[in-house]
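Q: Handing you a structure now.
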Protein chains: 4
Amino acid sequence: MNTAILLVSCPDRRGLVADVTEFIHRNNGNILDLEQHVDREEGVFFMRVEWDLQGFAIPPEKIEEYFHTLIGQRNGMRVNLHLEPAVKRMAVFASHLPHCLYDLLSRAKSGEWAVDVPLIISNHEKLRHIAEQFEIPFHALPVTPETKAKQEARALELMAQAGIDLVVLARYMQVVTPAFLEAYPNRVINIHHSFLPAFPGAKPYHSAYERGVKIIGATSHYVTPDLDQGPIIAQGVTPVTHRDSVEDMKRKGLDLEKTVLAQAVWAHLRHRTIVYRNRTVVFG
Amino acid sequence: MNTAILLVSCPDRRGLVADVTEFIHRNNGNILDLEQHVDREEGVFFMRVEWDLQGFAIPPEKIEEYFHTLIGQRNGMRVNLHLEPAVKRMAVFASHLPHCLYDLLSRAKSGEWAVDVPLIISNHEKLRHIAEQFEIPFHALPVTPETKAKQEARALELMAQAGIDLVVLARYMQVVTPAFLEAYPNRVINIHHSFLPAFPGAKPYHSAYERGVKIIGATSHYVTPDLDQGPIIAQGVTPVTHRDSVEDMKRKGLDLEKTVLAQAVWAHLRHRTIVYRNRTVVFG
Amino acid sequence: MNTAILLVSCPDRRGLVADVTEFIHRNNGNILDLEQHVDREEGVFFMRVEWDLQGFAIPPEKIEEYFHTLIGQRNGMRVNLHLEPAVKRMAVFASHLPHCLYDLLSRAKSGEWAVDVPLIISNHEKLRHIAEQFEIPFHALPVTPETKAKQEARALELMAQAGIDLVVLARYMQVVTPAFLEAYPNRVINIHHSFLPAFPGAKPYHSAYERGVKIIGATSHYVTPDLDQGPIIAQGVTPVTHRDSVEDMKRKGLDLEKTVLAQAVWAHLRHRTIVYRNRTVVFG
Amino acid sequence: MNTAILLVSCPDRRGLVADVTEFIHRNNGNILDLEQHVDREEGVFFMRVEWDLQGFAIPPEKIEEYFHTLIGQRNGMRVNLHLEPAVKRMAVFASHLPHCLYDLLSRAKSGEWAVDVPLIISNHEKLRHIAEQFEIPFHALPVTPETKAKQEARALELMAQAGIDLVVLARYMQVVTPAFLEAYPNRVINIHHSFLPAFPGAKPYHSAYERGVKIIGATSHYVTPDLDQGPIIAQGVTPVTHRDSVEDMKRKGLDLEKTVLAQAVWAHLRHRTIVYRNRTVVFG
């Protein structure tokens with residue numbers, strides 16, 4: 001089934017839902033799914049609507065323009081239109097730890113996600129064998145303070161060549177620069193191995209152990225220039241006890257990290273996320 | 001703030017969201033919250049919409065009629081309109097176990113819920129002291145096969161006198177009859193102490209222990225004539241281990257039961273539930 | 001059944017389990033439950049063992065002395081012996097919010113816990129009616145910077161008179177002083193309405209909303225002079241979405257807070273906790 | 001570190017813990033971890049103890065014999081001794097669905113588990129490419145009622161040749177016979193895609209959808225001749241709503257299945273499980 005997914009945010013006012021749904025209905029679209037949300041404190045309206053394009057009066061490539069002209073413009077709307085099905089192109093960045101990389105590639109390869117992975121980048125050689133297993137080009141771009149700018153430029157070049165839509169940092173242990181993020185705004189997803197905002201930065205499992213918490217977590221978020229401060233997409237937790245050493249927490253964290261990262265990537269791929277004011281609306 | 005909450009279900013067709021939102025918008029209503037759902041397999045449309053009545057063109061007491069005439073009738077809609085704020089009148093049925101009764105009364109008394117409890121009915125005297133603590137009329141109506149019909153008639157009479165909107169069975173260990181349920185269709189909520197459909201009927205913790213499950217649960221549902229088969233509103237679970245005896249499971253179950261029952265009652269009070277085909281749509 | 005529960009911690013060395021179990025066995029005690037734990041990093045040994053006193057060779061009132069002389073002393077053990085069944089005397093401190101107070105009193109009153117509550121203290125009059133409902137002496141001790149020392153002395157005096165074993169801060173919105181804590185070392189339990197160490201201090205739900213987290217939590221801990229820094233006994237979490245306002249989070253937090261607090265108090269009452277290095281061992 | 005793990009079950013009597021720990025201590029073993037459990041209803045004692053073999057007086061290959069002679073025999077103990085570290089040899093059976101297979105192989109390959117996978121068996125060709133990716137021998141043994149006996153014999157032969165210790169059915173859609181199970185008693189682990197005992201047999205997600213449950217689950221258990229009735233090792237759950245179609249449940253179930261299966265396999269590999277009376281003791 002060919003569908004359109006429209007993501008909208010704008011200042012709240014009366015009649016927005018009626019306007020949007022009327023636009024779809026008048027042009028013979030059948031709404032499959034609709035969610036809206038109003039942030040009352042900020043007075044912001046958010047909406048996600050998906051409709052069947054069969055028999056829709058406006059040609060797919062013109063929908064965004066028509067919507068903008070007829071509805072979006074006069075309501076000050078930020079609009080994203082996505083035509084489905086579409087196969088997204090995802091770059092994966094990794095370092096030493098294989099679990100998230102294996103998990104992402106398994107989902108791509110098995111068809112669980114409609115995604116191609118044309119590119120894996122790492123600051124180490126260590127996981128090259130996994131890329132080879134999955135027959136995906138692998139680029140080791142080791143980073144030192146001196147080479148960081150050059151290597152990031154190289155990464156951006158490779159990503160541009162590969163037509164990347166989405167970047168996933170799968171326990172990539174490097175901070176990316178604002179320049180990098182500007183090339184992929186709200187399209188770089190990271191997994192942090194703690195229940196943010198608890199334990200940002202390095203060695204969160206050590207800190208969790210030291211603090212004696214009874215639950216550990218993982219957080220997936222869009223990356224912003226502020227380390228571990230970006231808008232959260234998904235979080236997960238698992239119980240621990242005094243019996244769990246730091247090593248046990250790391251091991252339990254593996255499953256948590258890959259599951260939470262996958263939830264976030266899935267939400268992004270299904271166009272369920274809207275970022276505003278460093279928070280994320282994640283529809284149904 | 002005075003609001004209207006409209007719950008709608010009908011055969012799915014194009015334009016339903018546009019029709020309903022247009023009705024609200026045209027009459028100057030400001031939508032506060034809207035959720036819709038389509039069961040594609042059955043072709044049924046569901047919607048919950050809440051709007052601010054300030055400045056709404058149709059007087060509150062006429063909204064249901066107008067909506068029916070203008071929209072509902074021609075779309076074959078089942079419609080429920082609720083004007084808020086409103087204080088619901090809830091009867092609680094209990095037997096021996098005090099935890100759910102205490103919990104419900106605490107929520108009512110503290111104002112956590114906008115609900116009055118004018119009536120507690122039990123088949124035993126045992127919990128009368130709790131009713132007295134909370135200064136609520138308590139009626140012990142012991143039930144035997146011979147007296148069941150008479151006692152249930154008495155309960156219905158008391159409930160009618162008290163103007164009851166909602167009946168909560170708080171570990172009430174008696175089966176209620178179809179006649180009782182007809183008086184309060186989709187308005188009798190039960191808590192069953194298992195993760196249904198596992199372990200229906202009596203002594204589910206014993207059965208869970210025997211089967212060696214690693215998670216126990218509780219299920220709150222609308223009561224139907226088929227025991228423990230009614231449409232599920234909320235479920236919750238908690239882990240157990242081989243160390244947990246049947247008594248431990250019962251103890252852990254106390255918190256689960258009261259929390260899950262409260263979730264279900266809250267969803268009902270907020271008019272978030274629509275029942276169809278023995279399932280429950282529970283909006284956000 | 002009369003039982004003894006022994007809690008032990010000491011520097012780890014070989015043979016400690018054998019020594020302790022041999023002591024019990026030789027004197028004809030039947031072990032009902034045994035758990036041990038070794039913190040390898042710190043080299044500390046912990047143990048909890050419960051045995052049936054029927055036929056035990058040493059009179060109950062002499063067990064601690066004998067154990068100390070024969071085993072504890074030469075191993076540098078910190079020892080706590082508890083004879084069961086015993087009814088503990090618990091003071092509850094509250095302020096404005098009734099949910100934890102209702103929940104604790106319901107558990108005490110219904111016999112779910114073997115505990116007496118001879119004393120409720122608050123810095124406000126607001127919840128007096130709940131104390132009256134449960135027929136428990138209530139003392140309003142309003143606190144200002146000027147009266148704090150005097151009022152806390154008064155509270156300590158009341159607690160001494162009432163023979164208090166355990167103090168529960170049930171959303172009591174005052175910091176207690178080191179002097180207070182010294183009177184009840186590792187016996188003052190607090191509930192904090194966040195997933196510590198995230199969001200310590202005031203207004204954690206506001207902070208959680210601002211940060212856009214997808215899970216909120218509650219933490220119960222022994223109180224130490226450092227605010228919200230004490231050893232954690234229990235934590236719980238519940239999911240939230242962008243739809244949840246600060247008020248929604250507060251409401252969802254009510255159930256979390258009372259459940260997590262109850263878990264912590266239960267663990268303490270069952271003598272399952274040992275504190276060391278600002279962490280808590282919580283046995284099964 | 002070289003360690004011994006002893007798993008014991010026997011009729012309960014006084015002094016068992018003392019006997020076992022004394023045996024280890026007397027021979028200069030340092031206990032690293034000890035858990036015991038008594039099923040009071042059945043009067044059965046269970047114990048798992050792990051100790052450091054450094055300086056242990058009895059040679060590893062003689063420990064089981066000495067223990068049996070000195071302690072086990074006279075207490076009617078069922079004993080299993082495991083020397084660690086050891087790399088187990090695991091056979092994986094699969095059919096069409098790749099997620100559990102990918103997950104198990106990733107864990108084996110990355111060293112998360114100390115396990116070799118020398119053999120993958122399937123009743124279909126479909127997943128051969130995954131075996132090739134991981135360079136593991138793959139045998140397609142299609143099964144019809146006529147060929148079942150022959151193909152199972154072939155599987156057993158392959159497993160014997162490969163020196164298999166443990167068999168994992170990773171969504172293998174075939175019932176295995178009692179003869180098969182006798183060759184690997186309590187060593188065949190299955191993942192069932194429901195929260196057993198709810199929804200045994202085929203198409204559990206369809207049944208869950210039909211029943212309108214609000215939580216779905218997965219169950220990993222040792223396989224016995226009674227389909228989906230074997231002793232449960234691990235269970236997990238995830239919430240669903242009315243919005244989740246059968247397809248959505250299947251998708252959410254993927255992560256649940258692979259996580260729960262991995263928990264069970266990990267517990268088995270760490271020798272944390274003892275089966276009795278169709279239940280499983282799963283130590284810490």
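Just so we're on the same page: first chain in the structure tokens is A, next is B, and so on; residues restart at 1 for each chain, and ligands are numbered from 1 in the order they show up.
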Report as a ChimeraX atom specification: the residues of region 146-211 of chain A with a DSSP assignment of strand (DSSP E or B), based on the backbone of this structure.
A: /A:166-169,188-192
Q: Keeping only N, CA and C atoms, write those residues as a PDB file, in the first residue's frame.
A:
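Dumped to again_7.pdb:
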```pdb
ATOM      1  N   LEU A 166      20.194   8.581   7.538  1.00  0.00           N
ATOM      2  CA  LEU A 166      20.134   8.427   8.988  1.00  0.00           C
ATOM      3  C   LEU A 166      21.454   7.861   9.495  1.00  0.00           C
ATOM      4  N   VAL A 167      21.932   8.427  10.603  1.00  0.00           N
ATOM      5  CA  VAL A 167      23.203   7.974  11.183  1.00  0.00           C
ATOM      6  C   VAL A 167      22.930   7.390  12.567  1.00  0.00           C
ATOM      7  N   VAL A 168      23.426   6.190  12.807  1.00  0.00           N
ATOM      8  CA  VAL A 168      23.235   5.564  14.123  1.00  0.00           C
ATOM      9  C   VAL A 168      24.588   5.335  14.776  1.00  0.00           C
ATOM     10  N   LEU A 169      24.768   5.909  15.951  1.00  0.00           N
ATOM     11  CA  LEU A 169      25.991   5.711  16.720  1.00  0.00           C
ATOM     12  C   LEU A 169      25.775   4.526  17.656  1.00  0.00           C
ATOM     13  N   VAL A 188      20.846  12.029  13.668  1.00  0.00           N
ATOM     14  CA  VAL A 188      21.929  11.241  14.268  1.00  0.00           C
ATOM     15  C   VAL A 188      21.419  10.706  15.604  1.00  0.00           C
ATOM     16  N   ILE A 189      21.323   9.400  15.719  1.00  0.00           N
ATOM     17  CA  ILE A 189      20.764   8.754  16.914  1.00  0.00           C
ATOM     18  C   ILE A 189      21.880   8.046  17.664  1.00  0.00           C
ATOM     19  N   ASN A 190      21.946   8.276  18.961  1.00  0.00           N
ATOM     20  CA  ASN A 190      22.959   7.652  19.808  1.00  0.00           C
ATOM     21  C   ASN A 190      22.290   6.769  20.868  1.00  0.00           C
ATOM     22  N   ILE A 191      23.048   5.788  21.354  1.00  0.00           N
ATOM     23  CA  ILE A 191      22.607   5.015  22.527  1.00  0.00           C
ATOM     24  C   ILE A 191      23.594   5.308  23.653  1.00  0.00           C
ATOM     25  N   HIS A 192      23.053   5.780  24.779  1.00  0.00           N
ATOM     26  CA  HIS A 192      23.905   5.997  25.950  1.00  0.00           C
ATOM     27  C   HIS A 192      23.554   4.953  26.998  1.00  0.00           C
TER      28      HIS A 192
END
```
Q: Skipping near chain neighbours, those fewer than 5 positions away, what residues fall within 10 Å of Met1 (chain C) using only C-alpha atoms, listed as a list in words?
A: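 So the residues in contact are Trp51, Asp52, Leu53, Gln54, Glu84 and Pro85 of chain C.
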Q: Applying 12 Å and only C-alpha atoms, which residues near Leu16 (chain D) remain after dropping the ones on its own chain fewer than 5 positions away? List them as a VMD selection string.
A: (chain C and resid 18 21 to 22 24 to 26 29 to 32 34) or (chain D and resid 8 to 11 21 to 23 36 to 38 44 to 47 71 to 72 74 to 77)
Q: Residues of chain A near chain D: apply a cut-off of 10 Å, count only C-alpha atoms, and supply the list as a PyMOL selection string.
A: chain A and resi 33+97-99+101-103+105-107+109-112+127+130+132-135+241+243-244+251-252+254-256+258-259+262-263+284
Q: Both chains have the same sequence, so superpose chain B on chain A over all Cα atoms paired in order and return it as a compact mmCIF listing (two decimals) with C-alpha atoms, in the first residue's frame.
A:
```txt
# COMPACT_ATOMS: atom_id res chain seq x y z
CA MET B 1 -0.03 0.03 -0.01
CA ASN B 2 1.31 3.48 -0.91
CA THR B 3 0.81 5.97 1.87
CA ALA B 4 1.77 9.48 2.84
CA ILE B 5 2.86 10.37 6.36
CA LEU B 6 2.57 14.01 7.31
CA LEU B 7 4.31 15.41 10.39
CA VAL B 8 3.26 18.88 11.41
CA SER B 9 4.04 21.29 14.23
CA CYS B 10 2.88 24.88 14.62
CA PRO B 11 1.47 27.38 17.11
CA ASP B 12 -1.80 25.98 18.46
CA ARG B 13 -5.09 27.48 17.36
CA ARG B 14 -8.66 26.26 16.90
CA GLY B 15 -9.53 24.20 13.87
CA LEU B 16 -6.12 22.76 12.96
CA VAL B 17 -7.25 19.13 13.02
CA ALA B 18 -10.32 20.01 10.98
CA ASP B 19 -8.20 21.89 8.44
CA VAL B 20 -5.72 19.05 7.93
CA THR B 21 -8.26 16.24 7.84
CA GLU B 22 -10.49 18.25 5.55
CA PHE B 23 -7.54 18.71 3.16
CA ILE B 24 -7.00 14.96 3.04
CA HIS B 25 -10.67 14.07 2.82
CA ARG B 26 -11.54 16.66 0.15
CA ASN B 27 -8.83 15.19 -2.05
CA ASN B 28 -10.12 11.68 -1.52
CA GLY B 29 -7.51 10.40 0.91
CA ASN B 30 -8.42 7.72 3.42
CA ILE B 31 -6.87 8.37 6.82
CA LEU B 32 -5.25 5.24 8.22
CA ASP B 33 -3.83 6.68 11.40
CA LEU B 34 -3.98 10.04 13.09
CA GLU B 35 -2.46 11.34 16.28
CA GLN B 36 -2.30 14.86 17.56
CA HIS B 37 -0.85 16.45 20.63
CA VAL B 38 -0.97 19.91 22.10
CA ASP B 39 1.68 21.16 24.47
CA ARG B 40 -0.57 23.49 26.48
CA GLU B 41 2.25 25.12 28.37
CA GLU B 42 4.04 26.16 25.18
CA GLY B 43 0.94 26.43 23.01
CA VAL B 44 2.34 24.18 20.31
CA PHE B 45 0.33 21.82 18.14
CA PHE B 46 1.75 18.51 16.81
CA MET B 47 0.18 16.06 14.43
CA ARG B 48 1.04 12.87 12.59
CA VAL B 49 -1.37 11.58 10.01
CA GLU B 50 -0.96 8.71 7.54
CA TRP B 51 -3.31 8.18 4.64
CA ASP B 52 -3.78 5.82 1.75
CA LEU B 53 -2.66 7.40 -1.55
CA GLN B 54 -4.88 5.18 -3.68
CA GLY B 55 -7.15 7.56 -5.57
CA PHE B 56 -5.68 10.63 -3.87
CA ALA B 57 -6.31 13.63 -6.10
CA ILE B 58 -2.90 15.28 -5.73
CA PRO B 59 0.12 13.53 -7.27
CA PRO B 60 2.55 12.35 -4.59
CA GLU B 61 5.35 14.65 -5.64
CA LYS B 62 3.05 17.67 -5.37
CA ILE B 63 1.47 16.95 -2.00
CA GLU B 64 4.01 18.82 0.07
CA GLU B 65 3.76 21.92 -2.12
CA TYR B 66 -0.06 21.90 -2.15
CA PHE B 67 -0.24 21.32 1.58
CA HIS B 68 2.21 24.12 2.23
CA THR B 69 0.32 26.54 0.02
CA LEU B 70 -3.17 25.69 1.20
CA ILE B 71 -2.67 24.90 4.88
CA GLY B 72 0.89 25.03 6.15
CA GLN B 73 1.88 28.54 5.19
CA ARG B 74 -0.92 30.41 6.82
CA ASN B 75 -0.63 28.39 10.04
CA GLY B 76 3.12 28.78 10.39
CA MET B 77 3.57 25.02 10.16
CA ARG B 78 6.81 23.11 10.14
CA VAL B 79 5.96 20.26 7.79
CA ASN B 80 7.57 16.93 6.89
CA LEU B 81 6.01 14.66 4.31
CA HIS B 82 7.17 11.08 3.81
CA LEU B 83 5.99 8.78 1.05
CA GLU B 84 5.92 5.10 1.94
CA PRO B 85 7.12 2.48 1.33
CA ALA B 86 10.65 3.81 1.13
CA VAL B 87 13.96 2.19 1.97
CA LYS B 88 16.11 4.44 4.13
CA ARG B 89 19.90 4.43 3.92
CA MET B 90 21.51 4.13 7.34
CA ALA B 91 25.15 4.58 8.29
CA VAL B 92 26.34 2.84 11.45
CA PHE B 93 29.24 4.09 13.55
CA ALA B 94 30.84 1.71 16.03
CA SER B 95 34.02 1.30 18.07
CA HIS B 96 34.87 -1.87 20.04
CA LEU B 97 31.56 -3.30 21.18
CA PRO B 98 29.82 -5.57 18.68
CA HIS B 99 26.36 -6.12 20.22
CA CYS B 100 24.52 -3.10 18.79
CA LEU B 101 26.22 -3.45 15.42
CA TYR B 102 25.24 -7.12 15.14
CA ASP B 103 21.73 -6.29 16.21
CA LEU B 104 21.23 -3.44 13.73
CA LEU B 105 22.70 -5.41 10.84
CA SER B 106 20.56 -8.46 11.65
CA ARG B 107 17.43 -6.33 11.53
CA ALA B 108 18.43 -4.74 8.26
CA LYS B 109 19.52 -7.98 6.64
CA SER B 110 16.50 -10.02 7.73
CA GLY B 111 14.08 -7.43 6.42
CA GLU B 112 12.70 -6.60 9.86
CA TRP B 113 13.43 -2.99 8.93
CA ALA B 114 13.10 -1.42 5.48
CA VAL B 115 16.61 -0.10 5.60
CA ASP B 116 19.88 -0.43 3.72
CA VAL B 117 23.21 -0.16 5.48
CA PRO B 118 25.69 0.89 2.80
CA LEU B 119 28.36 2.05 5.21
CA ILE B 120 29.96 1.20 8.54
CA ILE B 121 32.47 3.57 10.06
CA SER B 122 34.62 2.91 13.09
CA ASN B 123 37.56 4.50 14.83
CA HIS B 124 39.05 1.00 15.10
CA GLU B 125 39.69 -2.06 12.97
CA LYS B 126 38.27 -4.38 15.55
CA LEU B 127 34.79 -4.93 14.14
CA ARG B 128 35.77 -5.10 10.47
CA HIS B 129 35.04 -8.83 10.44
CA ILE B 130 31.38 -8.17 11.22
CA ALA B 131 31.09 -5.80 8.28
CA GLU B 132 32.68 -8.46 6.11
CA GLN B 133 30.26 -11.08 7.39
CA PHE B 134 27.41 -8.86 6.26
CA GLU B 135 29.24 -7.71 3.11
CA ILE B 136 29.04 -4.04 3.97
CA PRO B 137 31.80 -1.52 3.23
CA PHE B 138 33.76 -0.78 6.39
CA HIS B 139 35.96 2.24 6.94
CA ALA B 140 38.32 2.47 9.86
CA LEU B 141 38.90 6.13 10.58
CA PRO B 142 41.02 6.31 13.72
CA VAL B 143 40.67 9.60 15.50
CA THR B 144 43.24 11.60 17.43
CA PRO B 145 42.88 15.23 18.45
CA GLU B 146 45.05 16.09 15.43
CA THR B 147 43.18 13.97 12.88
CA LYS B 148 39.66 14.46 14.14
CA ALA B 149 38.66 17.22 11.74
CA LYS B 150 40.13 15.41 8.76
CA GLN B 151 38.57 12.06 9.63
CA GLU B 152 35.17 13.57 10.23
CA ALA B 153 35.34 15.31 6.88
CA ARG B 154 36.20 11.95 5.35
CA ALA B 155 33.22 10.36 7.08
CA LEU B 156 30.90 13.09 5.82
CA GLU B 157 32.23 12.60 2.30
CA LEU B 158 31.64 8.83 2.47
CA MET B 159 28.15 9.40 3.82
CA ALA B 160 27.33 11.90 1.09
CA GLN B 161 28.54 9.45 -1.55
CA ALA B 162 26.43 6.69 -0.03
CA GLY B 163 23.32 8.88 0.11
CA ILE B 164 22.85 8.43 3.83
CA ASP B 165 19.50 9.41 5.39
CA LEU B 166 20.13 8.40 8.97
CA VAL B 167 23.20 7.95 11.17
CA VAL B 168 23.24 5.55 14.11
CA LEU B 169 25.99 5.70 16.72
CA ALA B 170 26.11 2.13 17.97
CA ARG B 171 28.29 2.63 21.05
CA TYR B 172 30.63 4.82 18.97
CA MET B 173 32.98 6.19 21.58
CA GLN B 174 33.69 9.52 19.95
CA VAL B 175 32.01 12.90 20.26
CA VAL B 176 30.83 14.20 16.90
CA THR B 177 31.16 17.87 16.06
CA PRO B 178 28.48 20.49 15.41
CA ALA B 179 29.52 20.53 11.75
CA PHE B 180 28.73 16.83 11.50
CA LEU B 181 25.37 17.29 13.18
CA GLU B 182 24.43 20.18 10.90
CA ALA B 183 24.74 17.86 7.94
CA TYR B 184 22.19 15.48 9.51
CA PRO B 185 19.92 17.57 11.74
CA ASN B 186 17.80 15.38 14.02
CA ARG B 187 19.05 12.42 12.05
CA VAL B 188 21.92 11.22 14.25
CA ILE B 189 20.76 8.74 16.89
CA ASN B 190 22.95 7.64 19.80
CA ILE B 191 22.60 5.02 22.52
CA HIS B 192 23.89 5.99 25.93
CA HIS B 193 24.36 3.26 28.49
CA SER B 194 22.57 4.88 31.40
CA PHE B 195 19.17 6.14 32.40
CA LEU B 196 19.79 9.78 31.47
CA PRO B 197 20.03 12.33 32.98
CA ALA B 198 21.61 10.03 35.57
CA PHE B 199 25.22 9.13 34.80
CA PRO B 200 26.05 11.09 31.64
CA GLY B 201 29.54 10.83 30.23
CA ALA B 202 32.00 7.98 30.59
CA LYS B 203 31.72 4.80 32.66
CA PRO B 204 28.06 5.03 33.71
CA TYR B 205 27.97 1.41 34.92
CA HIS B 206 30.82 2.14 37.30
CA SER B 207 28.93 5.16 38.59
CA ALA B 208 25.71 3.17 38.91
CA TYR B 209 27.53 0.51 40.89
CA GLU B 210 29.15 3.12 43.12
CA ARG B 211 25.82 4.82 43.81
CA GLY B 212 24.19 1.48 44.58
CA VAL B 213 21.16 1.90 42.31
CA LYS B 214 18.67 -0.94 42.08
CA ILE B 215 17.76 -0.33 38.42
CA ILE B 216 20.02 0.42 35.46
CA GLY B 217 18.96 1.91 32.17
CA ALA B 218 19.77 2.90 28.62
CA THR B 219 18.75 5.99 26.70
CA SER B 220 18.54 6.58 22.97
CA HIS B 221 18.49 10.18 21.83
CA TYR B 222 19.10 12.49 18.94
CA VAL B 223 22.61 13.82 19.16
CA THR B 224 23.14 17.52 19.76
CA PRO B 225 26.36 19.43 20.39
CA ASP B 226 25.85 19.00 24.15
CA LEU B 227 27.10 15.55 25.11
CA ASP B 228 24.31 13.21 26.29
CA GLN B 229 21.90 16.17 26.42
CA GLY B 230 19.98 15.63 23.19
CA PRO B 231 16.23 14.98 22.92
CA ILE B 232 15.36 11.53 24.25
CA ILE B 233 13.55 9.11 21.94
CA ALA B 234 13.42 5.93 24.03
CA GLN B 235 14.54 4.64 27.42
CA GLY B 236 14.58 1.24 29.01
CA VAL B 237 15.52 -0.19 32.37
CA THR B 238 16.35 -3.49 34.03
CA PRO B 239 16.64 -4.36 37.72
CA VAL B 240 19.97 -5.05 39.39
CA THR B 241 20.87 -6.13 42.89
CA HIS B 242 23.88 -5.94 45.21
CA ARG B 243 24.99 -9.20 43.61
CA ASP B 244 25.63 -7.48 40.28
CA SER B 245 29.21 -6.36 39.83
CA VAL B 246 30.14 -3.70 37.31
CA GLU B 247 30.81 -6.54 34.86
CA ASP B 248 27.34 -7.99 35.47
CA MET B 249 25.79 -4.58 34.86
CA LYS B 250 27.72 -4.26 31.62
CA ARG B 251 26.46 -7.66 30.53
CA LYS B 252 22.85 -6.92 31.44
CA GLY B 253 23.24 -3.56 29.76
CA LEU B 254 24.08 -5.17 26.41
CA ASP B 255 20.52 -6.36 25.86
CA LEU B 256 19.06 -3.14 27.16
CA GLU B 257 21.21 -1.02 24.86
CA LYS B 258 20.41 -2.92 21.72
CA THR B 259 16.69 -3.08 22.46
CA VAL B 260 16.36 0.61 23.33
CA LEU B 261 18.45 1.70 20.35
CA ALA B 262 16.28 -0.42 18.07
CA GLN B 263 13.11 1.13 19.49
CA ALA B 264 14.43 4.59 18.76
CA VAL B 265 15.58 3.76 15.24
CA TRP B 266 12.22 2.11 14.54
CA ALA B 267 10.33 5.19 15.74
CA HIS B 268 12.48 7.35 13.47
CA LEU B 269 12.07 5.04 10.47
CA ARG B 270 8.30 5.02 10.92
CA HIS B 271 8.35 8.84 11.06
CA ARG B 272 6.89 8.87 14.53
CA THR B 273 9.18 11.53 16.00
CA ILE B 274 9.04 15.31 16.12
CA VAL B 275 11.73 17.24 17.97
CA TYR B 276 11.04 20.52 19.70
CA ARG B 277 12.67 22.41 22.55
CA ASN B 278 15.08 19.55 23.17
CA ARG B 279 12.25 17.10 23.73
CA THR B 280 10.81 14.49 21.40
CA VAL B 281 7.18 13.81 20.63
CA VAL B 282 7.06 10.07 19.88
CA PHE B 283 3.71 9.12 18.43
CA GLY B 284 2.16 5.70 19.28
```
